[in-house]
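Shown here: target_23.cif, mmCIF, C-alpha atoms and all ligand atoms.
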data_target
loop_
_atom_site.label_atom_id
_atom_site.label_comp_id
_atom_site.auth_asym_id
_atom_site.auth_seq_id
_atom_site.Cartn_x
_atom_site.Cartn_y
_atom_site.Cartn_z
CA MET A 4 -2.97 6.96 16.73
CA LYS A 5 -4.61 8.71 13.81
CA SER A 6 -6.71 5.72 12.75
CA ASP A 7 -8.81 6.25 15.90
CA LYS A 8 -10.16 9.50 14.54
CA LEU A 9 -10.02 8.16 11.05
CA LEU A 10 -11.26 10.44 8.34
CA LEU A 11 -12.45 7.36 6.55
CA PRO A 12 -15.58 6.32 8.40
CA ILE A 13 -15.53 2.57 8.48
CA ASP A 14 -19.15 2.37 9.47
CA PRO A 15 -20.98 0.49 7.95
CA CYS A 16 -17.83 -1.44 7.02
CA HIS A 17 -17.10 -3.77 9.91
CA ALA A 18 -13.35 -3.53 9.63
CA ASP A 19 -11.48 -3.71 12.90
CA THR A 20 -8.25 -2.60 11.26
CA PRO A 21 -8.64 0.63 9.34
CA TRP A 22 -4.84 0.87 9.61
CA LEU A 23 -4.30 -2.34 7.62
CA TRP A 24 -5.44 -2.38 4.00
CA ILE A 25 -4.78 -4.97 1.33
CA GLY A 26 -3.41 -3.90 -2.07
CA THR A 27 -4.47 -5.70 -5.25
CA TRP A 28 -1.75 -4.69 -7.72
CA SER A 29 0.06 -8.02 -7.88
CA MET A 30 -3.25 -9.97 -7.92
CA GLY A 31 -4.10 -8.75 -11.41
CA GLY A 32 -1.80 -11.29 -13.07
CA GLU A 33 0.49 -8.94 -14.94
CA GLY A 34 4.16 -8.33 -14.23
CA PHE A 35 4.54 -10.29 -10.98
CA GLY A 36 5.45 -13.75 -12.24
CA ASN A 37 3.20 -16.80 -12.19
CA HIS A 38 -0.38 -16.00 -11.42
CA ASP A 39 -3.30 -17.96 -10.04
CA GLU A 40 -6.53 -15.96 -10.22
CA GLN A 41 -8.41 -18.41 -8.03
CA GLU A 42 -5.82 -18.01 -5.30
CA SER A 43 -5.99 -14.21 -5.56
CA LEU A 44 -9.76 -14.46 -5.00
CA GLU A 45 -9.13 -16.67 -1.99
CA VAL A 46 -6.73 -14.05 -0.62
CA LEU A 47 -9.37 -11.32 -0.89
CA ALA A 48 -12.11 -13.50 0.61
CA LEU A 49 -9.87 -14.63 3.47
CA ALA A 50 -8.86 -11.04 4.22
CA ALA A 51 -12.53 -10.00 4.34
CA ALA A 52 -13.35 -12.96 6.57
CA ASN A 53 -10.68 -11.67 8.94
CA ASN A 54 -12.31 -8.25 9.12
CA ILE A 55 -10.00 -6.50 6.71
CA ARG A 56 -12.38 -4.46 4.57
CA HIS A 57 -10.16 -1.74 3.10
CA PHE A 58 -8.89 -2.72 -0.34
CA ASP A 59 -6.75 -0.63 -2.63
CA THR A 60 -6.76 -0.98 -6.41
CA ALA A 61 -6.31 1.10 -9.59
CA GLY A 62 -7.44 1.08 -13.19
CA PHE A 63 -3.74 0.93 -14.04
CA TYR A 64 -3.19 -2.39 -12.26
CA ALA A 65 -3.02 -5.18 -14.82
CA ARG A 66 -5.00 -2.94 -17.18
CA GLY A 67 -8.15 -3.13 -15.10
CA THR A 68 -7.96 -6.81 -14.15
CA SER A 69 -7.28 -6.12 -10.46
CA GLU A 70 -10.48 -4.07 -10.26
CA LYS A 71 -12.47 -6.82 -12.00
CA LEU A 72 -11.14 -9.34 -9.50
CA LEU A 73 -12.11 -7.16 -6.55
CA GLN A 74 -15.60 -6.77 -8.00
CA LYS A 75 -16.18 -10.49 -7.51
CA ILE A 76 -15.58 -10.11 -3.79
CA ILE A 77 -17.58 -6.96 -3.14
CA LYS A 78 -20.59 -7.72 -5.32
CA LYS A 79 -22.78 -9.24 -2.59
CA ASP A 80 -22.13 -6.70 0.16
CA ARG A 81 -20.75 -3.60 -1.52
CA GLN A 82 -21.41 -1.44 1.54
CA GLU A 83 -19.36 -3.70 3.76
CA PHE A 84 -16.19 -2.67 1.92
CA PHE A 85 -14.06 0.40 1.69
CA ILE A 86 -12.81 0.50 -1.91
CA SER A 87 -10.02 2.82 -2.91
CA SER A 88 -9.00 3.21 -6.54
CA LYS A 89 -6.82 5.60 -8.48
CA GLY A 90 -6.58 7.47 -11.77
CA GLY A 91 -3.99 9.46 -13.66
CA LEU A 92 -1.69 6.67 -14.80
CA VAL A 93 -2.49 4.60 -17.89
CA TRP A 94 -0.95 2.02 -20.16
CA ASN A 95 -0.23 2.90 -23.78
CA GLY A 96 0.93 -0.41 -25.22
CA LYS A 97 3.99 -1.29 -23.14
CA SER A 98 4.53 2.29 -21.94
CA VAL A 99 3.15 3.96 -18.87
CA GLU A 100 1.73 7.46 -19.34
CA HIS A 101 0.44 10.17 -17.04
CA ARG A 102 -3.12 11.28 -17.87
CA ALA A 103 -4.53 13.38 -15.08
CA SER A 104 -6.43 16.20 -16.76
CA PRO A 105 -9.96 16.63 -15.31
CA MET A 106 -11.48 15.02 -18.42
CA ASP A 107 -9.03 12.08 -18.37
CA LEU A 108 -9.64 11.49 -14.67
CA LYS A 109 -13.39 11.52 -15.18
CA ASN A 110 -13.15 8.96 -17.99
CA GLN A 111 -10.88 6.74 -15.90
CA LEU A 112 -13.18 7.04 -12.87
CA PHE A 113 -16.19 5.89 -14.93
CA GLN A 114 -14.16 2.97 -16.29
CA SER A 115 -13.25 1.97 -12.72
CA LEU A 116 -16.88 2.23 -11.59
CA GLU A 117 -17.88 0.03 -14.50
CA ARG A 118 -15.24 -2.62 -13.79
CA LEU A 119 -16.11 -2.62 -10.09
CA LYS A 120 -19.85 -2.59 -10.95
CA THR A 121 -20.58 0.04 -8.36
CA ASP A 122 -21.98 3.57 -8.52
CA TYR A 123 -19.52 5.04 -6.02
CA LEU A 124 -15.99 4.62 -4.72
CA ASP A 125 -15.11 5.18 -1.10
CA LEU A 126 -11.86 6.81 -2.12
CA TYR A 127 -10.43 7.96 -5.45
CA GLN A 128 -6.84 9.12 -5.63
CA LEU A 129 -4.55 10.88 -8.05
CA HIS A 130 -2.14 7.99 -8.69
CA TRP A 131 0.82 10.26 -9.50
CA PRO A 132 0.94 13.97 -10.28
CA ASP A 133 0.94 14.50 -14.07
CA PRO A 134 3.91 16.66 -15.18
CA ASP A 135 1.70 18.17 -17.92
CA VAL A 136 -1.26 19.06 -15.69
CA PRO A 137 -1.10 21.39 -12.67
CA ALA A 138 -1.77 19.24 -9.59
CA ASP A 139 -4.42 21.72 -8.42
CA ALA A 140 -6.38 21.06 -11.63
CA SER A 141 -6.27 17.28 -11.02
CA ILE A 142 -7.24 17.77 -7.38
CA GLY A 143 -10.03 20.16 -8.44
CA ALA A 144 -11.48 17.36 -10.57
CA LEU A 145 -11.43 14.98 -7.60
CA ARG A 146 -13.31 17.54 -5.50
CA GLU A 147 -15.96 17.76 -8.23
CA PHE A 148 -16.37 13.97 -8.26
CA GLN A 149 -16.91 14.13 -4.51
CA LYS A 150 -19.56 16.87 -4.89
CA GLU A 151 -21.29 14.77 -7.54
CA GLY A 152 -21.46 11.82 -5.13
CA LEU A 153 -19.28 9.60 -7.32
CA ILE A 154 -16.67 9.25 -4.59
CA ARG A 155 -16.86 9.64 -0.81
CA PHE A 156 -13.29 10.88 -0.35
CA TRP A 157 -10.44 12.02 -2.55
CA GLY A 158 -6.73 11.49 -2.08
CA VAL A 159 -3.32 11.64 -3.71
CA GLY A 160 -0.23 9.51 -4.25
CA ASN A 161 3.50 9.93 -4.67
CA LEU A 162 3.69 13.64 -3.90
CA THR A 163 7.01 15.19 -2.93
CA GLU A 164 7.51 16.99 0.36
CA GLN A 165 7.11 20.32 -1.47
CA GLU A 166 3.97 19.20 -3.31
CA VAL A 167 2.37 18.12 -0.03
CA THR A 168 2.93 21.59 1.39
CA ASP A 169 1.97 23.43 -1.80
CA HIS A 170 -1.26 21.57 -2.53
CA LEU A 171 -2.54 20.22 0.77
CA ARG A 172 -1.62 22.85 3.35
CA ASP A 173 -5.25 23.94 3.83
CA GLU A 174 -6.51 20.36 4.08
CA LYS A 175 -6.94 17.82 6.84
CA ASP A 176 -6.57 14.04 6.74
CA ILE A 177 -6.20 13.72 2.97
CA PRO A 178 -5.15 10.13 2.13
CA HIS A 179 -1.67 10.17 0.63
CA GLN A 180 -0.01 6.97 -0.65
CA VAL A 181 3.68 7.15 0.26
CA HIS A 182 6.30 4.60 -0.82
CA PHE A 183 8.10 3.77 2.44
CA ASN A 184 9.95 0.80 3.91
CA PRO A 185 13.33 0.15 5.58
CA ILE A 186 15.23 0.47 2.28
CA HIS A 187 13.11 3.19 0.68
CA ARG A 188 12.82 5.90 3.33
CA ASN A 189 10.53 8.81 2.71
CA ASP A 190 10.55 10.27 6.23
CA ALA A 191 10.43 13.89 5.01
CA VAL A 192 7.30 13.28 2.92
CA LEU A 193 5.56 11.54 5.81
CA ALA A 194 6.51 14.41 8.11
CA ALA A 195 5.40 17.06 5.58
CA GLY A 196 1.91 15.54 5.66
CA LYS A 197 1.63 15.16 9.40
CA ASP A 198 -0.96 17.94 9.76
CA PHE A 199 -2.70 17.57 6.39
CA CYS A 200 -2.53 13.92 5.38
CA PHE A 201 -3.59 10.45 6.31
CA ASN A 202 -0.35 8.73 5.22
CA THR A 203 -0.84 5.23 3.80
CA VAL A 204 2.37 3.28 3.18
CA ILE A 205 2.60 1.43 -0.14
CA SER A 206 5.05 -1.32 -1.16
CA PRO A 207 5.99 -2.02 2.48
CA LEU A 208 7.90 -5.14 1.37
CA GLU A 209 9.48 -3.36 -1.61
CA GLN A 210 7.45 -5.45 -4.10
CA GLY A 211 8.57 -8.66 -2.41
CA LEU A 212 12.29 -7.96 -2.10
CA LEU A 213 11.74 -7.86 1.68
CA GLY A 214 9.22 -10.72 1.62
CA THR A 215 9.39 -14.23 2.94
CA GLY A 216 12.13 -15.48 0.62
CA LYS A 217 9.70 -18.09 -0.70
CA SER A 218 8.80 -15.71 -3.50
CA SER A 219 8.26 -16.47 -7.14
CA PHE A 220 11.63 -14.91 -7.94
CA GLY A 221 13.49 -16.63 -5.11
CA LYS A 222 14.63 -19.75 -6.97
CA GLY A 223 15.28 -18.97 -10.61
CA GLY A 224 15.38 -15.17 -10.41
CA ILE A 225 12.61 -12.93 -11.71
CA GLY A 226 11.28 -13.57 -15.19
CA LYS A 227 11.93 -11.30 -18.18
CA LYS A 228 8.40 -9.84 -18.16
CA ASP A 229 8.39 -9.19 -14.43
CA PHE A 230 7.94 -5.47 -13.59
CA ARG A 231 10.44 -5.83 -10.81
CA ASN A 232 13.22 -5.85 -13.40
CA ARG A 233 12.52 -2.11 -13.49
CA ASN A 234 13.03 -1.76 -9.74
CA PRO A 235 16.68 -0.77 -9.15
CA TYR A 236 16.68 -2.18 -5.60
CA PHE A 237 16.36 -5.71 -7.03
CA SER A 238 19.78 -5.49 -8.65
CA ASN A 239 21.54 -3.42 -6.02
CA PRO A 240 24.37 -5.33 -4.27
CA GLU A 241 24.27 -3.15 -1.13
CA VAL A 242 20.58 -3.81 -0.70
CA HIS A 243 21.16 -7.55 -1.14
CA SER A 244 23.95 -7.50 1.42
CA TRP A 245 21.75 -5.55 3.88
CA ASN A 246 18.90 -8.02 3.28
CA SER A 247 21.19 -11.05 3.83
CA SER A 248 22.46 -9.57 7.09
CA LEU A 249 18.86 -9.04 8.19
CA ASN A 250 18.04 -12.67 7.35
CA CYS A 251 20.98 -13.80 9.52
CA LEU A 252 19.88 -11.67 12.46
CA LEU A 253 16.34 -12.99 12.15
CA LYS A 254 17.38 -16.65 12.42
CA GLN A 255 17.57 -16.19 16.18
CA HIS A 256 14.17 -14.57 16.46
CA SER A 257 10.71 -16.08 16.76
CA LEU A 258 8.85 -13.32 14.89
CA SER A 259 8.74 -13.66 11.11
CA LYS A 260 10.58 -11.26 8.82
CA VAL A 261 7.29 -9.95 7.41
CA SER A 262 5.88 -9.28 10.90
CA LEU A 263 9.06 -7.51 12.01
CA ILE A 264 9.24 -5.29 8.95
CA LEU A 265 5.56 -4.37 9.09
CA MET A 266 5.83 -3.68 12.84
CA TRP A 267 8.85 -1.47 12.31
CA ILE A 268 7.04 0.50 9.59
CA CYS A 269 3.91 0.88 11.74
CA ALA A 270 6.01 2.31 14.57
CA GLN A 271 7.51 5.06 12.41
CA PRO A 272 6.21 8.61 12.96
CA HIS A 273 3.30 9.75 10.79
CA VAL A 274 2.52 6.33 9.33
CA HIS A 275 -1.28 6.03 9.56
CA ALA A 276 -2.03 2.89 7.54
CA ILE A 277 -0.10 0.26 5.58
CA ILE A 278 -1.03 -1.49 2.36
CA PRO A 279 0.85 -4.75 1.80
CA GLY A 280 0.11 -6.63 -1.43
CA PRO A 281 -0.07 -10.40 -0.77
CA ARG A 282 -1.07 -12.47 -3.77
CA ARG A 283 -0.95 -15.93 -2.26
CA VAL A 284 -2.75 -17.41 0.72
CA ASP A 285 0.49 -18.19 2.58
CA GLN A 286 1.51 -14.53 2.11
CA LEU A 287 -1.82 -13.27 3.46
CA ASN A 288 -1.44 -15.66 6.38
CA ASP A 289 1.84 -13.89 7.25
CA ILE A 290 -0.09 -10.62 7.28
CA LEU A 291 -2.84 -12.11 9.43
CA THR A 292 -0.23 -13.44 11.87
CA PHE A 293 1.22 -9.93 12.07
CA LYS A 294 -2.27 -8.52 12.71
CA SER A 295 -2.98 -11.01 15.49
CA GLU A 296 0.45 -10.41 17.08
CA VAL A 297 -0.33 -6.70 17.18
CA GLU A 298 -3.75 -7.32 18.71
CA ARG A 299 -2.72 -10.06 21.15
CA ASN A 300 0.19 -8.05 22.51
CA ASN A 301 -1.75 -4.81 22.60
CA LEU A 302 0.84 -3.00 20.48
CA LEU A 303 -1.47 -0.37 19.02
CA ASN A 304 -0.55 3.13 19.95
CA SER A 305 -3.11 4.50 22.35
CA GLY A 306 -2.66 8.07 21.22
CA GLU A 307 0.57 9.35 22.70
CA THR A 308 2.42 9.66 19.38
CA ASP A 309 1.44 9.86 15.74
CA SER A 310 2.08 6.28 14.60
CA ILE A 311 0.07 3.07 14.38
CA LEU A 312 2.13 1.07 16.87
CA SER A 313 3.84 2.12 20.05
CA ALA A 314 7.60 2.16 19.39
CA ASP A 315 8.23 1.85 23.14
CA LYS A 316 6.26 -1.38 23.44
CA LEU A 317 7.90 -2.76 20.31
CA ARG A 318 11.46 -2.02 21.31
CA GLY A 319 10.93 -4.14 24.40
CA ARG A 320 10.08 -7.06 22.15
CA ILE A 321 12.49 -6.70 19.25
CA PRO A 322 16.23 -7.11 19.89
CA GLU A 323 18.01 -3.78 19.61
CA GLU A 324 20.41 -4.99 16.90
CA ILE A 325 17.47 -5.95 14.65
CA TRP A 326 15.78 -2.61 15.31
CA GLN A 327 19.00 -0.77 14.52
CA HIS A 328 19.49 -2.79 11.35
CA LEU A 329 15.95 -1.98 10.14
CA SER A 330 16.54 1.68 10.97
CA GLY A 331 19.97 1.86 9.32
CA ARG A 332 19.13 2.18 5.65
CA PRO A 333 21.82 0.83 3.28
CA ASP A 334 24.07 3.57 2.02
CA ILE A 335 22.36 4.10 -1.32
CA ASN A 336 20.06 6.68 -2.74
CA ILE A 337 17.56 5.38 -5.28
CA ASP A 338 14.40 7.41 -5.83
N1 LIG B 401 0.08 4.64 -5.45
C1 LIG B 401 1.06 3.96 -5.98
O1 LIG B 401 1.81 4.48 -6.83
C2 LIG B 401 1.33 2.55 -5.54
C3 LIG B 401 2.54 1.95 -5.89
C4 LIG B 401 2.80 0.66 -5.44
C5 LIG B 401 1.86 0.00 -4.67
N2 LIG B 401 0.67 0.60 -4.36
C6 LIG B 401 -0.33 -0.10 -3.53
O2 LIG B 401 0.33 -0.78 -2.48
C7 LIG B 401 0.05 -2.18 -2.56
C8 LIG B 401 1.24 -2.96 -2.08
O3 LIG B 401 2.36 -2.70 -2.90
P1 LIG B 401 3.21 -3.90 -3.48
O4 LIG B 401 2.35 -4.78 -4.30
O5 LIG B 401 4.44 -3.32 -4.05
O6 LIG B 401 3.42 -4.66 -2.10
P2 LIG B 401 4.52 -5.31 -1.21
O7 LIG B 401 3.70 -5.76 -0.07
O8 LIG B 401 5.68 -4.42 -0.99
O9 LIG B 401 5.02 -6.53 -2.08
C9 LIG B 401 4.11 -7.49 -2.53
C10 LIG B 401 4.87 -8.69 -3.07
O10 LIG B 401 5.69 -9.19 -2.04
C11 LIG B 401 5.81 -10.60 -2.16
N3 LIG B 401 5.60 -11.20 -0.83
C12 LIG B 401 6.39 -12.14 -0.27
N4 LIG B 401 5.97 -12.47 0.94
C13 LIG B 401 4.89 -11.72 1.17
C14 LIG B 401 4.02 -11.63 2.27
N5 LIG B 401 4.14 -12.39 3.36
N6 LIG B 401 3.02 -10.76 2.21
C15 LIG B 401 2.88 -9.98 1.12
N7 LIG B 401 3.67 -10.05 0.02
C16 LIG B 401 4.67 -10.91 0.06
C17 LIG B 401 4.81 -11.01 -3.23
O11 LIG B 401 5.57 -11.24 -4.41
P3 LIG B 401 6.10 -12.72 -4.76
O12 LIG B 401 4.90 -13.59 -4.75
O13 LIG B 401 6.73 -12.59 -6.08
O14 LIG B 401 7.06 -13.05 -3.67
C18 LIG B 401 3.94 -9.81 -3.45
O15 LIG B 401 3.50 -9.68 -4.77
C19 LIG B 401 -0.32 -2.43 -4.03
O16 LIG B 401 -1.06 -3.60 -4.21
C20 LIG B 401 -1.10 -1.18 -4.31
O17 LIG B 401 -2.40 -1.30 -3.81
C21 LIG B 401 0.41 1.87 -4.76
#
Could you express the structure from this file as structure tokens?
Amino acid sequence: MKSDKLLLPIDPCHADTPWLWIGTWSMGGEGFGNHDEQESLEVLALAAANNIRHFDTAGFYARGTSEKLLQKIIKKDRQEFFISSKGGLVWNGKSVEHRASPMDLKNQLFQSLERLKTDYLDLYQLHWPDPDVPADASIGALREFQKEGLIRFWGVGNLTEQEVTDHLRDEKDIPHQVHFNPIHRNDAVLAAGKDFCFNTVISPLEQGLLGTGKSSFGKGGIGKKDFRNRNPYFSNPEVHSWNSSLNCLLKQHSLSKVSLILMWICAQPHVHAIIPGPRRVDQLNDILTFKSEVERNNLLNSGETDSILSADKLRGRIPEEIWQHLSGRPDINID
């Protein structure tokens, strides 16, 4: 398991799960339905109390509000936390724009440091490559920030298979945020980074489409301002049919849907960490149950293959038809 020789030293952070991070996008209160800031703070505090110390955020998330929220949690013991943020994607009114020139990234980094009230980030990532800026120029800026001591590590997000090879082939263990889950497979990108990247999986529950079913959009549908209206999976009939079949299969099983999906993801080759984004305490509790099931049943990979969990141990615990269903992506191709 790659997290054992993690590039991201967790000392002095006392995390026992460098493979499980918590994402703060949906906690910022914009675009994910009803929002309760106090509950989001409880989620972060409860995660920290359960030894999860790696938190992912971005200046882009809720226009800086997610970072401000995280600041309230890290302010007393900054060094106990591993804070990852990102630059290169900004809001311009209601539009999203790429801005990843060296100067833009530097300005965004300083804004993040200010919102987080810290003088360094543990990790700063290029959120998305900017079509108008060569990726090597953006990455060059990140290297400079590292030399200046503003960030401990640099990373990237949403690179294609080709971009991973082109820009990272001389690197080792560079954090790369990869969108991956049973309906959005990105196996080739994960594999492309196997020798150069520390692959962190984002949107493991496809923004809640694969969540508990008790979600804010479960009863009356998602609201007009909800970002998930832009996610084509939410309106795809084949995905809904696949999801309903999964729900039926799971009725017979004692593990929760969230645990099963996260376990399946963690057993896939070249997945090195996952970043779910719970925004309510009951949702975090699902994640904590998953974490304790992994620990209690000793499911962590002890090094034989490049994945977080041992697929062999898992397949003994999960009925084959559920495993096959999770592995058999619906016949659609949305990128
Ligand atoms: N680099 C990038 O481009 C990028 C892109 C996306 C995400 N990310 C990172 O990855 C993190 C996770 O992505 P995501 O927010 O799309 O996460 P996700 O974990 O796929 O979905 C989170 C949503 O799922 C729903 N949910 C239902 N049950 C849940 C449960 N038990 N646990 C967690 N969530 C549950 C919640 O929505 P309801 O309350 O509405 O049900 C929640 O807002 C982000 O916070 C961010 O840090 C990075």
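Every protein or nucleic acid residue with an atom no more than 8 Å from stretch 60-66 of chain A, counting all atoms listed in the file and leaving out same-chain residues fewer than 5 positions away, appears here: Gly26, Thr27, Trp28, Ser29, Gly31, Gly32, Glu33, Gly34, Ile86, Ser87, Ser88, Lys89, Gly90, Leu92, Val93, Trp94, Gln111, Gln114 and Ser115 of chain A.
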Report task. Counting only C-alpha atoms, find the residues whose atoms lie at most 8 Å from (0.6, 4.1, -0.1) (file coordinates) and write them out as a list in words. Result ->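 I get Gly160, Asn161, His179, Gln180, Val181, His182, Phe183, Asn202, Thr203, Val204, Ile205, Ser206, Ile277 and Ile278 of chain A for the residues within 8 Å of that point.
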Could you list, as an mmCIF file with C-alpha atoms, keeping the file's coordinate frame, every residue within 10 Å of A:Trp245, counting all atoms listed in the file and ignoring same-chain residues fewer than 3 positions away?
data_model
loop_
_atom_site.group_PDB
_atom_site.id
_atom_site.type_symbol
_atom_site.label_atom_id
_atom_site.label_comp_id
_atom_site.auth_asym_id
_atom_site.auth_seq_id
_atom_site.Cartn_x
_atom_site.Cartn_y
_atom_site.Cartn_z
ATOM 1 C CA ILE A 186 15.230 0.470 2.280
ATOM 2 C CA PRO A 240 24.370 -5.330 -4.270
ATOM 3 C CA GLU A 241 24.270 -3.150 -1.130
ATOM 4 C CA VAL A 242 20.580 -3.810 -0.700
ATOM 5 C CA SER A 248 22.460 -9.570 7.090
ATOM 6 C CA LEU A 249 18.860 -9.040 8.190
ATOM 7 C CA ASN A 250 18.040 -12.670 7.350
ATOM 8 C CA HIS A 328 19.490 -2.790 11.350
ATOM 9 C CA LEU A 329 15.950 -1.980 10.140
ATOM 10 C CA GLY A 331 19.970 1.860 9.320
ATOM 11 C CA ARG A 332 19.130 2.180 5.650
ATOM 12 C CA PRO A 333 21.820 0.830 3.280
ATOM 13 C CA ASP A 334 24.070 3.570 2.020
#
Report task. Determine, counting all atoms listed in the file, which protein, DNA and RNA residues have an atom within 12 Å of an atom of A:Arg146; residues of the same chain fewer than 5 positions away are not included. Present the result as a VMD selection string. Result -> chain A and resid 105 108 to 109 126 to 129 139 to 141 151 to 159 177
Query raised in the report: Can I get the residues close to ligand LIG 401 (chain B) as a PyMOL selection string, where close means within 7 Å and we count all atoms listed in the file?
Result: chain A and resi 25-29+35-36+59-60+130-131+160-161+180+182+205-212+214-220+261+278-283+285-287+289-290
Query - Computed interatomic separation between atom CA of A:Glu164 and atom CA of A:Val192 (Å) - result: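 About the pair atom CA of A:Glu164 and atom CA of A:Val192: they are 4.5 Å apart.
Using only C-alpha atoms, the nearest neighbour of A:Asn246 within the list A:Ile325, A:Ile225, A:Val274, A:Ile311 is A:Ile325.
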**Report entry** A:Ser104, A:Thr308, A:Thr168, A:Thr121 ranked by distance to A:Asp133, top pick (using only C-alpha atoms)
**Finding:**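 Of A:Ser104, A:Thr308, A:Thr168, A:Thr121, the one nearest A:Asp133 is A:Ser104, counting only C-alpha atoms.
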**Report entry** Nearby residues (all atoms listed in the file) at most 12 Å from A:Arg320, same-chain spacing under 4 positions excluded, as a PyMOL selection string
**Finding:** chain A and resi 256-258+263+266-267+296-297+300+302+313-316+324-326
Report task. For A:Leu72, please output as a ChimeraX atom specification all residues within 10 Å (counting all atoms listed in the file; exclusion window: fewer than 5 positions along the same chain). Result -> /A:27,30-31,40-41,43-44,47,60,67,77,118-119
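The spacing separating atom CA of A:Leu23 from atom CA of A:Pro235 amounts to 26.9 Å.
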Query - Distance in Å - atom CA of A:Ser262 versus atom CA of A:Thr163 - result: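 Computed distance, atom CA of A:Ser262 to atom CA of A:Thr163, equals 28.1 Å.
Take the candidates A:Gly226, A:Asn232, A:Leu193, A:Lys254 and check each one against A:Asp309 using all atoms listed in the file; the shortest distance goes to A:Leu193.
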Would you compute, for all listed atoms of stretch 179-188 of chain A, the axis-aligned bounding box grown by 8 Å on each side, and then report its centre and edge lengths in Å rounded to one decimal, as lines of an AutoDock Vina configuration file?
center_x = 6.8
center_y = 5.2
center_z = 2.4
size_x = 32.9
size_y = 26.0
size_z = 22.4
